[in-house]
>>> print(open('protein-v5.cif').read())   # mmCIF, C-alpha atoms and all ligand atoms; chains and numbers go by the auth columns
data_model
loop_
_atom_site.group_PDB
_atom_site.id
_atom_site.type_symbol
_atom_site.label_atom_id
_atom_site.label_comp_id
_atom_site.label_asym_id
_atom_site.label_seq_id
_atom_site.Cartn_x
_atom_site.Cartn_y
_atom_site.Cartn_z
_atom_site.B_iso_or_equiv
_atom_site.auth_seq_id
_atom_site.auth_asym_id
ATOM 1 C CA MET A 1 -31.590 117.490 -149.742 0.00 13 A
ATOM 2 C CA ILE A 2 -28.193 118.087 -151.263 0.00 14 A
ATOM 3 C CA SER A 3 -28.062 117.924 -155.031 0.00 15 A
ATOM 4 C CA ALA A 4 -25.580 115.259 -156.026 0.00 16 A
ATOM 5 C CA GLY A 5 -24.066 117.437 -158.726 0.00 17 A
ATOM 6 C CA THR A 6 -22.903 120.182 -156.391 0.00 18 A
ATOM 7 C CA ARG A 7 -20.546 118.474 -153.985 0.00 19 A
ATOM 8 C CA THR A 8 -17.857 120.741 -152.649 0.00 20 A
ATOM 9 C CA ALA A 9 -14.191 119.807 -152.475 0.00 21 A
ATOM 10 C CA GLY A 10 -14.217 119.548 -148.675 0.00 22 A
ATOM 11 C CA GLU A 11 -16.964 116.962 -148.632 0.00 23 A
ATOM 12 C CA LYS A 12 -16.082 113.350 -148.001 0.00 24 A
ATOM 13 C CA ALA A 13 -17.180 110.867 -150.624 0.00 25 A
ATOM 14 C CA PRO A 14 -18.922 107.713 -149.387 0.00 26 A
ATOM 15 C CA PRO A 15 -16.527 104.779 -148.975 0.00 27 A
ATOM 16 C CA VAL A 16 -16.105 102.298 -151.786 0.00 28 A
ATOM 17 C CA THR A 17 -17.272 98.860 -150.675 0.00 29 A
ATOM 18 C CA PRO A 18 -15.478 95.715 -151.843 0.00 30 A
ATOM 19 C CA LEU A 19 -17.157 94.025 -154.801 0.00 31 A
ATOM 20 C CA THR A 20 -17.346 90.359 -155.602 0.00 32 A
ATOM 21 C CA GLU A 21 -16.753 88.923 -159.045 0.00 33 A
ATOM 22 C CA ALA A 22 -20.503 88.315 -159.426 0.00 34 A
ATOM 23 C CA GLU A 23 -21.351 91.891 -158.427 0.00 35 A
ATOM 24 C CA ILE A 24 -18.894 93.261 -160.959 0.00 36 A
ATOM 25 C CA ARG A 25 -20.295 91.090 -163.760 0.00 37 A
ATOM 26 C CA ARG A 26 -23.851 92.069 -162.853 0.00 38 A
ATOM 27 C CA SER A 27 -23.013 95.789 -162.878 0.00 39 A
ATOM 28 C CA PHE A 28 -22.436 96.141 -166.631 0.00 40 A
ATOM 29 C CA VAL A 29 -25.038 98.333 -168.284 0.00 41 A
ATOM 30 C CA ASN A 30 -23.857 98.657 -171.874 0.00 42 A
ATOM 31 C CA CYS A 31 -22.953 95.161 -172.991 0.00 43 A
ATOM 32 C CA SER A 32 -24.856 91.921 -173.327 0.00 44 A
ATOM 33 C CA ARG A 33 -25.269 89.557 -170.415 0.00 45 A
ATOM 34 C CA GLY A 34 -23.161 87.025 -172.295 0.00 46 A
ATOM 35 C CA GLU A 35 -20.309 89.495 -172.691 0.00 47 A
ATOM 36 C CA ALA A 36 -20.504 90.498 -169.028 0.00 48 A
ATOM 37 C CA LYS A 37 -20.377 86.852 -168.029 0.00 49 A
ATOM 38 C CA THR A 38 -17.271 86.037 -170.008 0.00 50 A
ATOM 39 C CA LEU A 39 -15.197 89.210 -169.853 0.00 51 A
ATOM 40 C CA THR A 40 -11.812 88.955 -168.145 0.00 52 A
ATOM 41 C CA LEU A 41 -11.802 90.391 -164.639 0.00 53 A
ATOM 42 C CA PRO A 42 -8.731 92.018 -163.053 0.00 54 A
ATOM 43 C CA LYS A 43 -6.288 89.424 -161.724 0.00 55 A
ATOM 44 C CA ASP A 44 -5.713 90.998 -158.315 0.00 56 A
ATOM 45 C CA LEU A 45 -9.331 91.418 -157.224 0.00 57 A
ATOM 46 C CA ASP A 46 -8.792 89.862 -153.789 0.00 58 A
ATOM 47 C CA GLY A 47 -5.735 91.909 -152.980 0.00 59 A
ATOM 48 C CA LEU A 48 -7.249 95.194 -154.110 0.00 60 A
ATOM 49 C CA ASP A 49 -7.354 98.186 -151.766 0.00 61 A
ATOM 50 C CA TRP A 50 -11.001 99.082 -152.291 0.00 62 A
ATOM 51 C CA ALA A 51 -10.728 102.309 -150.344 0.00 63 A
ATOM 52 C CA GLU A 52 -8.585 103.567 -153.224 0.00 64 A
ATOM 53 C CA GLN A 53 -10.874 102.595 -156.107 0.00 65 A
ATOM 54 C CA GLU A 54 -12.985 105.603 -157.043 0.00 66 A
ATOM 55 C CA VAL A 55 -13.122 103.759 -160.317 0.00 67 A
ATOM 56 C CA LEU A 56 -11.881 100.266 -160.992 0.00 68 A
ATOM 57 C CA GLY A 57 -10.558 100.283 -164.528 0.00 69 A
ATOM 58 C CA TRP A 58 -8.727 97.612 -166.513 0.00 70 A
ATOM 59 C CA ARG A 59 -7.921 96.498 -170.047 0.00 71 A
ATOM 60 C CA ASP A 60 -8.966 93.073 -171.263 0.00 72 A
ATOM 61 C CA PRO A 61 -5.822 90.990 -171.823 0.00 73 A
ATOM 62 C CA LYS A 62 -7.750 88.697 -174.177 0.00 74 A
ATOM 63 C CA ALA A 63 -9.332 91.462 -176.273 0.00 75 A
ATOM 64 C CA PRO A 64 -6.695 94.168 -176.673 0.00 76 A
ATOM 65 C CA LEU A 65 -8.952 97.104 -177.570 0.00 77 A
ATOM 66 C CA ARG A 66 -11.463 96.406 -174.844 0.00 78 A
ATOM 67 C CA GLY A 67 -11.503 97.821 -171.356 0.00 79 A
ATOM 68 C CA TYR A 68 -13.877 98.204 -168.438 0.00 80 A
ATOM 69 C CA LEU A 69 -14.744 100.808 -165.833 0.00 81 A
ATOM 70 C CA VAL A 70 -16.686 99.972 -162.691 0.00 82 A
ATOM 71 C CA ALA A 71 -17.686 102.605 -160.154 0.00 83 A
ATOM 72 C CA GLN A 72 -20.102 103.047 -157.289 0.00 84 A
ATOM 73 C CA VAL A 73 -22.371 105.937 -158.125 0.00 85 A
ATOM 74 C CA ASP A 74 -25.092 107.121 -155.743 0.00 86 A
ATOM 75 C CA GLY A 75 -25.111 103.775 -153.967 0.00 87 A
ATOM 76 C CA GLU A 76 -25.289 101.766 -157.167 0.00 88 A
ATOM 77 C CA THR A 77 -22.493 99.784 -158.814 0.00 89 A
ATOM 78 C CA VAL A 78 -22.248 100.649 -162.502 0.00 90 A
ATOM 79 C CA GLY A 79 -19.930 98.983 -164.991 0.00 91 A
ATOM 80 C CA ILE A 80 -19.348 99.991 -168.575 0.00 92 A
ATOM 81 C CA ALA A 81 -17.427 98.356 -171.367 0.00 93 A
ATOM 82 C CA VAL A 82 -15.268 100.725 -173.404 0.00 94 A
ATOM 83 C CA ARG A 83 -13.310 100.340 -176.604 0.00 95 A
ATOM 84 C CA ALA A 84 -9.978 102.019 -177.291 0.00 96 A
ATOM 85 C CA ALA A 85 -9.327 103.744 -180.607 0.00 97 A
ATOM 86 C CA GLU A 86 -7.083 101.697 -182.868 0.00 98 A
ATOM 87 C CA SER A 87 -4.748 104.591 -183.520 0.00 99 A
ATOM 88 C CA SER A 88 -2.835 106.140 -180.655 0.00 100 A
ATOM 89 C CA MET A 89 -1.367 109.578 -180.181 0.00 101 A
ATOM 90 C CA SER A 90 2.337 110.244 -180.467 0.00 102 A
ATOM 91 C CA GLY A 91 4.438 109.738 -177.339 0.00 103 A
ATOM 92 C CA ARG A 92 6.222 112.989 -178.194 0.00 104 A
ATOM 93 C CA THR A 93 3.131 115.051 -177.482 0.00 105 A
ATOM 94 C CA THR A 94 1.459 115.583 -174.117 0.00 106 A
ATOM 95 C CA ALA A 95 -2.114 114.525 -173.522 0.00 107 A
ATOM 96 C CA MET A 96 -4.455 114.817 -170.579 0.00 108 A
ATOM 97 C CA CYS A 97 -6.699 112.084 -169.230 0.00 109 A
ATOM 98 C CA LEU A 98 -10.090 113.709 -168.842 0.00 110 A
ATOM 99 C CA LEU A 99 -11.037 111.537 -165.857 0.00 111 A
ATOM 100 C CA CYS A 100 -8.012 111.833 -163.560 0.00 112 A
ATOM 101 C CA GLN A 101 -6.656 114.976 -165.254 0.00 113 A
ATOM 102 C CA THR A 102 -3.101 113.723 -165.314 0.00 114 A
ATOM 103 C CA ALA A 103 -0.906 115.017 -168.143 0.00 115 A
ATOM 104 C CA GLN A 104 1.091 112.245 -169.786 0.00 116 A
ATOM 105 C CA PRO A 105 2.867 111.332 -173.019 0.00 117 A
ATOM 106 C CA GLY A 106 0.243 111.074 -175.786 0.00 118 A
ATOM 107 C CA ASP A 107 0.632 107.318 -176.184 0.00 119 A
ATOM 108 C CA ALA A 108 -0.337 106.763 -172.522 0.00 120 A
ATOM 109 C CA VAL A 109 -3.754 108.308 -173.142 0.00 121 A
ATOM 110 C CA SER A 110 -6.320 106.839 -175.501 0.00 122 A
ATOM 111 C CA LEU A 111 -9.664 107.823 -176.933 0.00 123 A
ATOM 112 C CA PHE A 112 -12.222 105.360 -175.552 0.00 124 A
ATOM 113 C CA THR A 113 -15.788 104.987 -176.732 0.00 125 A
ATOM 114 C CA ALA A 114 -18.635 103.431 -174.798 0.00 126 A
ATOM 115 C CA ARG A 115 -21.837 102.182 -176.341 0.00 127 A
ATOM 116 C CA ARG A 116 -24.770 104.032 -174.856 0.00 128 A
ATOM 117 C CA THR A 117 -27.447 102.102 -173.044 0.00 129 A
ATOM 118 C CA GLY A 118 -30.941 101.375 -174.328 0.00 130 A
ATOM 119 C CA GLU A 119 -32.353 102.467 -177.663 0.00 131 A
ATOM 120 C CA ALA A 120 -29.469 104.899 -178.342 0.00 132 A
ATOM 121 C CA GLY A 121 -26.948 102.085 -178.009 0.00 133 A
ATOM 122 C CA ARG A 122 -28.972 99.753 -180.196 0.00 134 A
ATOM 123 C CA ASN A 123 -28.864 102.489 -182.847 0.00 135 A
ATOM 124 C CA GLY A 124 -25.074 102.500 -182.638 0.00 136 A
ATOM 125 C CA ASN A 125 -24.747 105.604 -180.487 0.00 137 A
ATOM 126 C CA THR A 126 -21.524 105.923 -178.484 0.00 138 A
ATOM 127 C CA VAL A 127 -19.916 108.432 -176.133 0.00 139 A
ATOM 128 C CA GLY A 128 -16.174 109.011 -176.230 0.00 140 A
ATOM 129 C CA THR A 129 -13.565 110.546 -173.993 0.00 141 A
ATOM 130 C CA TYR A 130 -9.798 110.564 -173.471 0.00 142 A
ATOM 131 C CA ILE A 131 -8.735 108.299 -170.608 0.00 143 A
ATOM 132 C CA CYS A 132 -5.431 106.830 -169.376 0.00 144 A
ATOM 133 C CA ALA A 133 -4.720 103.972 -171.800 0.00 145 A
ATOM 134 C CA ASP A 134 -4.373 101.493 -168.901 0.00 146 A
ATOM 135 C CA LEU A 135 -7.584 102.864 -167.283 0.00 147 A
ATOM 136 C CA ARG A 136 -5.811 103.015 -163.927 0.00 148 A
ATOM 137 C CA CYS A 137 -6.902 106.539 -163.028 0.00 149 A
ATOM 138 C CA SER A 138 -7.431 105.651 -159.360 0.00 150 A
ATOM 139 C CA THR A 139 -3.751 104.769 -159.044 0.00 151 A
ATOM 140 C CA ARG A 140 -2.691 107.883 -160.885 0.00 152 A
ATOM 141 C CA VAL A 141 -4.569 110.408 -158.731 0.00 153 A
ATOM 142 C CA ARG A 142 -2.410 109.136 -155.860 0.00 154 A
ATOM 143 C CA ALA A 143 0.889 108.436 -157.556 0.00 155 A
ATOM 144 C CA GLU A 144 1.217 111.364 -159.955 0.00 156 A
ATOM 145 C CA ILE A 145 0.746 114.739 -158.380 0.00 157 A
ATOM 146 C CA PRO A 146 1.012 117.606 -160.882 0.00 158 A
ATOM 147 C CA PRO A 147 4.071 119.820 -160.203 0.00 159 A
ATOM 148 C CA TRP A 148 1.946 122.914 -159.549 0.00 160 A
ATOM 149 C CA LEU A 149 0.331 121.147 -156.585 0.00 161 A
ATOM 150 C CA SER A 150 3.564 119.802 -155.124 0.00 162 A
ATOM 151 C CA ASP A 151 3.922 122.455 -152.421 0.00 163 A
ATOM 152 C CA ARG A 152 0.532 121.649 -150.889 0.00 164 A
ATOM 153 C CA ASP A 153 -0.311 119.033 -148.272 0.00 165 A
ATOM 154 C CA PRO A 154 -0.064 115.749 -150.243 0.00 166 A
ATOM 155 C CA ASP A 155 -2.967 114.083 -148.371 0.00 167 A
ATOM 156 C CA GLU A 156 -5.227 117.000 -149.121 0.00 168 A
ATOM 157 C CA VAL A 157 -4.229 117.032 -152.791 0.00 169 A
ATOM 158 C CA VAL A 158 -4.877 113.298 -153.153 0.00 170 A
ATOM 159 C CA ALA A 159 -8.265 113.593 -151.421 0.00 171 A
ATOM 160 C CA GLU A 160 -9.234 116.412 -153.766 0.00 172 A
ATOM 161 C CA ARG A 161 -8.022 114.612 -156.874 0.00 173 A
ATOM 162 C CA ALA A 162 -9.839 111.444 -155.803 0.00 174 A
ATOM 163 C CA LEU A 163 -13.096 113.301 -155.246 0.00 175 A
ATOM 164 C CA GLU A 164 -12.787 115.058 -158.615 0.00 176 A
ATOM 165 C CA LEU A 165 -12.072 111.739 -160.312 0.00 177 A
ATOM 166 C CA ARG A 166 -15.192 110.279 -158.752 0.00 178 A
ATOM 167 C CA GLU A 167 -17.278 113.193 -160.009 0.00 179 A
ATOM 168 C CA ARG A 168 -15.899 112.997 -163.559 0.00 180 A
ATOM 169 C CA VAL A 169 -16.461 109.225 -163.680 0.00 181 A
ATOM 170 C CA ARG A 170 -19.989 109.861 -162.480 0.00 182 A
ATOM 171 C CA GLY A 171 -20.470 112.370 -165.293 0.00 183 A
ATOM 172 C CA PHE A 172 -19.101 109.966 -167.918 0.00 184 A
ATOM 173 C CA LEU A 173 -21.264 107.083 -166.700 0.00 185 A
ATOM 174 C CA GLY A 174 -24.206 109.466 -166.716 0.00 186 A
ATOM 175 C CA SER A 175 -23.627 110.354 -170.359 0.00 187 A
ATOM 176 C CA VAL A 176 -23.507 106.648 -171.278 0.00 188 A
ATOM 177 C CA ARG A 177 -26.832 106.038 -169.559 0.00 189 A
ATOM 178 C CA ARG A 178 -28.659 109.261 -170.475 0.00 190 A
ATOM 179 C CA PRO A 179 -31.949 108.324 -172.137 0.00 191 A
HETATM 180 ZN ZN ZN B . -6.718 108.855 -166.026 0.00 201 B
#
>>> encode(input="protein-v5.cif", output="structure tokens")
Amino acid sequence: MISAGTRTAGEKAPPVTPLTEAEIRRSFVNCSRGEAKTLTLPKDLDGLDWAEQEVLGWRDPKAPLRGYLVAQVDGETVGIAVRAAESSMSGRTTAMCLLCQTAQPGDAVSLFTARRTGEAGRNGNTVGTYICADLRCSTRVRAEIPPWLSDRDPDEVVAERALELRERVRGFLGSVRRP
């Protein structure tokens, strides 16, 4: 049996299957059922290219600091609610999203915290990380190739970046759910 934590770059990740609105709402692990039921879903769900969603991320247009990440991890769909920091970094500095590892102006990256699941979460425990402020990391691994990778085969670079994104999302979701 292959340990899930030691995937190599050449390995193909399992395909992302399309999710329905109900499946997305059911997937949330760190917010109340009521919140999951009423949160605003992405507008373009039907037109989404699911093959390109290692992580489906979006900000809540009705609750400006809130955002959501949904990913398929080890055959399970897991959604988490995250909250952006109220202060943002300066656009004159450069910051790196720790999920898609794209360097951007500081104001395009935000510190997000996620309430942990279970007892830890009830005690107010959170996990934080720096993520693209719009949470659209899946788009960015395809659209923004770092200059030092620009002389390589673009398809190969995108496949690698997508696989790495999937692994980092998996790690972040794991830290939210760690007992
Ligand atoms: Zn990102």
>>> atom_distance(input="protein-v5.cif", atom1="CA of Phe40 in chain A", atom2="CA of Ile92 in chain A")
5.3 Å
>>> resolve_selection(input="protein-v5.cif", expression="the PyMOL selection byres (((chain A and resi 184) around 12) and not hetatm)", output="count of residues only")
35
>>> closest_residue(input="protein-v5.cif", among="A:Glu131, A:Glu47, A:Asp56, A:Glu66", to="ligand ZN 201 (chain B)", atoms="only C-alpha atoms and all ligand atoms")
A:Glu66
>>> residues_near_point(input="protein-v5.cif", point="(-15.2, 93.3, -175.7)", cutoff="9 Å", atoms="all atoms listed in the file", output="list in words")
Cys43, Glu47, Ala48, Leu51, Asp72, Lys74, Ala75, Pro76, Leu77, Arg78, Gly79, Tyr80, Ala93, Val94 and Arg95 of chain A
>>> resolve_selection(input="protein-v5.cif", expression="the PyMOL selection byres (((not hetatm)) within 9 of (chain B and resi 201))", output="PyMOL selection string")
chain A and resi 108-115+121+142-153+177
>>> atom_distance(input="protein-v5.cif", atom1="CA of Arg154 in chain A", atom2="CA of Trp62 in chain A")
13.7 Å
>>> resolve_selection(input="protein-v5.cif", expression="the PyMOL selection byres (((chain A and resi 33) around 12) and not hetatm)", output="number ranges by chain")
A: 30-32, 34-40, 48-58, 82
>>> atom_distance(input="protein-v5.cif", atom1="CA of Ala63 in chain A", atom2="CA of Glu176 in chain A")
15.3 Å
>>> axis_aligned_box(input="protein-v5.cif", around="range 43-46 of chain A", padding_each_side="5 Å", output="AutoDock Vina command-line options")
--center_x -24.1 --center_y 91.1 --center_z -171.9 --size_x 12.3 --size_y 18.1 --size_z 12.9
